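The block underneath contains the structure these notes are about, expressed in structure tokens.
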Amino acid sequence: MIRCIIVDDEPLSREGLKDYVTQVEFLELVGSFKNAIQASNFIHTNAVDLLFLDIEMPKLSGVDFLKSTENHPPVIFTTAYSEYALESYEFDVIDYLVKPISFERFLQAANKAFKRFRVTTATSQTQEIFIKTDQKLVRIAMKDILFIEGMQNYQVVHTTNEKLITLIPLKNAFKLLPEDRFIQTHKSFIVNRNQIEAIVGNEIMIKGHRVPISHRMRSQVLEALTHHKLMSK
């Protein structure tokens, strides 16, 4: 579980984020505060893994709070002002959410946080990701993903024992996956390197499936797979 707090001076924003947090299985809300001063006092005496932090707040802004706090927990900014996005990189924030925040966008940021925590607490063979499908969140082990197929308005996640349909854009899904394990072979396909059985012409063989390699991506795909010793030079 990722222990998180919400810091936002707007009551409706706090309630909205609280509702989102309760829908994500791996997030645990341990505090909700209307200003950064209250949050700072809480962090000093309680274990917090993640901050959902507004920027424009009275007395102490979210940015000033981070500047004044040593060893603060990882941050996801939640703000109505997009102009702070560039400055946020100074603090190595996990994501930058601009209000109004949809649940899909919130989940994407939460998965980024989950990925970062998993990298520091588990080996790559035990990493997991949560995908929203059929109005629920499904936990999937990275190692069980065969490939992801992009359709016009949705994506199909092919695993070792099932197929899951999700609305998350393919380019966003790719950002959530470990770069050392997954590779894009086509504008509509992402493949788990460790599941590849063979390459025949412009197709990759995976558990009875044939995944295409686009002409444009062929050279970089073959170079990447050769580098990872999946094929001989």
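Residues in the structure tokens are numbered from 1 in each chain, the chains being A, B, ... in the order shown, and ligands are numbered from 1 in the order shown.
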Open item on the list: Based on the backbone DSSP call, show me all residues of stretch 53-207 of chain A assigned strand (DSSP E), as a ChimeraX atom specification.
Closed with: /A:53,75-79,95-98,128-133,136-141,145-150,155-159,163-166,182-186,189-192,198-200,203-206
TODO: From a DSSP pass on the backbone, collect the residues of stretch 3-211 of chain A flagged as alpha helix (DSSP H) and hand them back as an MDAnalysis selection string.
DONE: chainID A and resid 11:22 36:45 62:68 85:88 103:121 170:176
Task: Nearest-residue call for A:Gln135, choices A:Glu104, A:Leu222, A:Val75, A:Ser40, using only C-alpha atoms - done: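 Closest residue, counting only C-alpha atoms: A:Glu104.
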Open item on the list: I want to know what sits within 10 Å of A:Gln127, based on only C-alpha atoms, with residues of the same chain fewer than 6 positions away left out; could you give that as a ChimeraX atom specification?
Closed with: /A:114-115,117-119,121,140-143,177-178
Task: Nearest candidate to A:Lys175 (options A:Glu223, A:Asp144, A:Asp95, A:Asp134; using only C-alpha atoms) - done: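 Ranked by minimum distance to A:Lys175, first place goes to A:Asp95.
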Could you build a table of the residues in stretch 93-123 of chain A lying no more than 12 Å from stretch 11-26 of chain A, giving for each the nearest pair of atoms and their separation in Å rounded to one decimal place, using only C-alpha atoms, ordered by chain and ascending residue number, as JSON lines?
```
{"residue": "A:Leu97", "atom": "CA", "partner": "A:Leu17", "partner_atom": "CA", "distance": 11.3}
{"residue": "A:Val98", "atom": "CA", "partner": "A:Ser13", "partner_atom": "CA", "distance": 11.7}
{"residue": "A:Lys99", "atom": "CA", "partner": "A:Ser13", "partner_atom": "CA", "distance": 8.8}
{"residue": "A:Pro100", "atom": "CA", "partner": "A:Ser13", "partner_atom": "CA", "distance": 8.9}
{"residue": "A:Ile101", "atom": "CA", "partner": "A:Leu17", "partner_atom": "CA", "distance": 8.7}
{"residue": "A:Ser102", "atom": "CA", "partner": "A:Tyr20", "partner_atom": "CA", "distance": 9.2}
{"residue": "A:Phe103", "atom": "CA", "partner": "A:Tyr20", "partner_atom": "CA", "distance": 6.6}
{"residue": "A:Glu104", "atom": "CA", "partner": "A:Tyr20", "partner_atom": "CA", "distance": 9.8}
{"residue": "A:Arg105", "atom": "CA", "partner": "A:Tyr20", "partner_atom": "CA", "distance": 10.5}
{"residue": "A:Phe106", "atom": "CA", "partner": "A:Tyr20", "partner_atom": "CA", "distance": 7.5}
{"residue": "A:Leu107", "atom": "CA", "partner": "A:Val24", "partner_atom": "CA", "distance": 7.6}
{"residue": "A:Gln108", "atom": "CA", "partner": "A:Val24", "partner_atom": "CA", "distance": 11.0}
{"residue": "A:Ala109", "atom": "CA", "partner": "A:Val24", "partner_atom": "CA", "distance": 11.3}
{"residue": "A:Ala110", "atom": "CA", "partner": "A:Val24", "partner_atom": "CA", "distance": 8.1}
{"residue": "A:Asn111", "atom": "CA", "partner": "A:Phe26", "partner_atom": "CA", "distance": 9.3}
{"residue": "A:Ala113", "atom": "CA", "partner": "A:Phe26", "partner_atom": "CA", "distance": 10.1}
{"residue": "A:Phe114", "atom": "CA", "partner": "A:Phe26", "partner_atom": "CA", "distance": 7.8}
{"residue": "A:Lys115", "atom": "CA", "partner": "A:Phe26", "partner_atom": "CA", "distance": 11.2}
{"residue": "A:Phe117", "atom": "CA", "partner": "A:Phe26", "partner_atom": "CA", "distance": 10.9}
{"residue": "A:Arg118", "atom": "CA", "partner": "A:Phe26", "partner_atom": "CA", "distance": 11.3}
```
Task: atom CA of A:Met151 to atom CA of A:Met217, distance in Å rounded to a single decimal - done: 18.7 Å
Open item on the list: Calculated over only C-alpha atoms, which of the candidates A:Ile183, A:Val63, A:Ile190, A:Leu50 has the smallest distance to A:Val157?
Closed with: A:Ile190
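Minimum distance to A:Arg193 across A:Asp49, A:Phe147, A:Pro212, A:Thr159 (counting only C-alpha atoms) occurs at A:Phe147.
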Task: Shell of 12 Å around A:Glu203, only C-alpha atoms, local chain residues under 6 positions omitted, as a list in words - done: Thr185, His186, Phe189, Val191, Ile196, Glu197, His209, Arg210, Val211, Pro212, Ile213, Ser214, His215, Met217, Arg218, Val221 and Leu222 of chain A
Task: Selection near A:Asn46, 12 Å with only C-alpha atoms, sequence-local residues under 5 positions removed, as a PyMOL selection string - done: chain A and resi 3-5+30-31+39-41+72-73
- [ ] Counting only C-alpha atoms, figure out which residue out of A:Gly62, A:Pro169, A:Gly201, A:Pro74 gets nearest to A:Lys132.
- [x] A:Pro169
Task: Atom pair atom CA of A:Gln195 / atom CA of A:Leu146: separation (Å) - done: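 Interatomic distance, atom CA of A:Gln195 to atom CA of A:Leu146: 6.0 Å.
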Task: Straight-line distance linking atom CA of A:Ile94 with atom CA of A:Lys163, stated in Å to one decimal - done: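 If I compute the distance from atom CA of A:Ile94 to atom CA of A:Lys163, I get 28.9 Å.
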TODO: May I ask which of the residues A:Val200, A:Ile129, A:Leu29, A:Ile55 is the closest one to A:Ser82, counting only C-alpha atoms?
DONE: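 Distance minimum relative to A:Ser82 lands on A:Ile55.
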Task: Neighbour list for A:Ile131 as JSON, numbers by chain, cut-off 8 Å, only C-alpha atoms, skip fewer than 3 positions in-chain - done: {"A": [137, 138, 139, 140, 166]}
How would the residues just chosen look if you wrote them out with N, CA and C atoms as a compact mmCIF listing (two decimals), in the first residue's frame?
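Produced file result-v4.txt, reproduced below:
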```txt
# COMPACT_ATOMS: atom_id res chain seq x y z
N LEU A 137 -10.65 -2.21 -11.30
CA LEU A 137 -9.21 -2.22 -11.47
C LEU A 137 -8.70 -3.64 -11.34
N VAL A 138 -7.92 -4.07 -12.31
CA VAL A 138 -7.39 -5.43 -12.32
C VAL A 138 -5.88 -5.37 -12.17
N ARG A 139 -5.36 -6.16 -11.23
CA ARG A 139 -3.92 -6.22 -11.01
C ARG A 139 -3.30 -7.25 -11.97
N ILE A 140 -2.26 -6.85 -12.69
CA ILE A 140 -1.60 -7.74 -13.63
C ILE A 140 -0.11 -7.75 -13.35
N THR A 166 -9.07 -2.09 -22.19
CA THR A 166 -8.94 -0.86 -21.43
C THR A 166 -8.98 0.33 -22.38
```
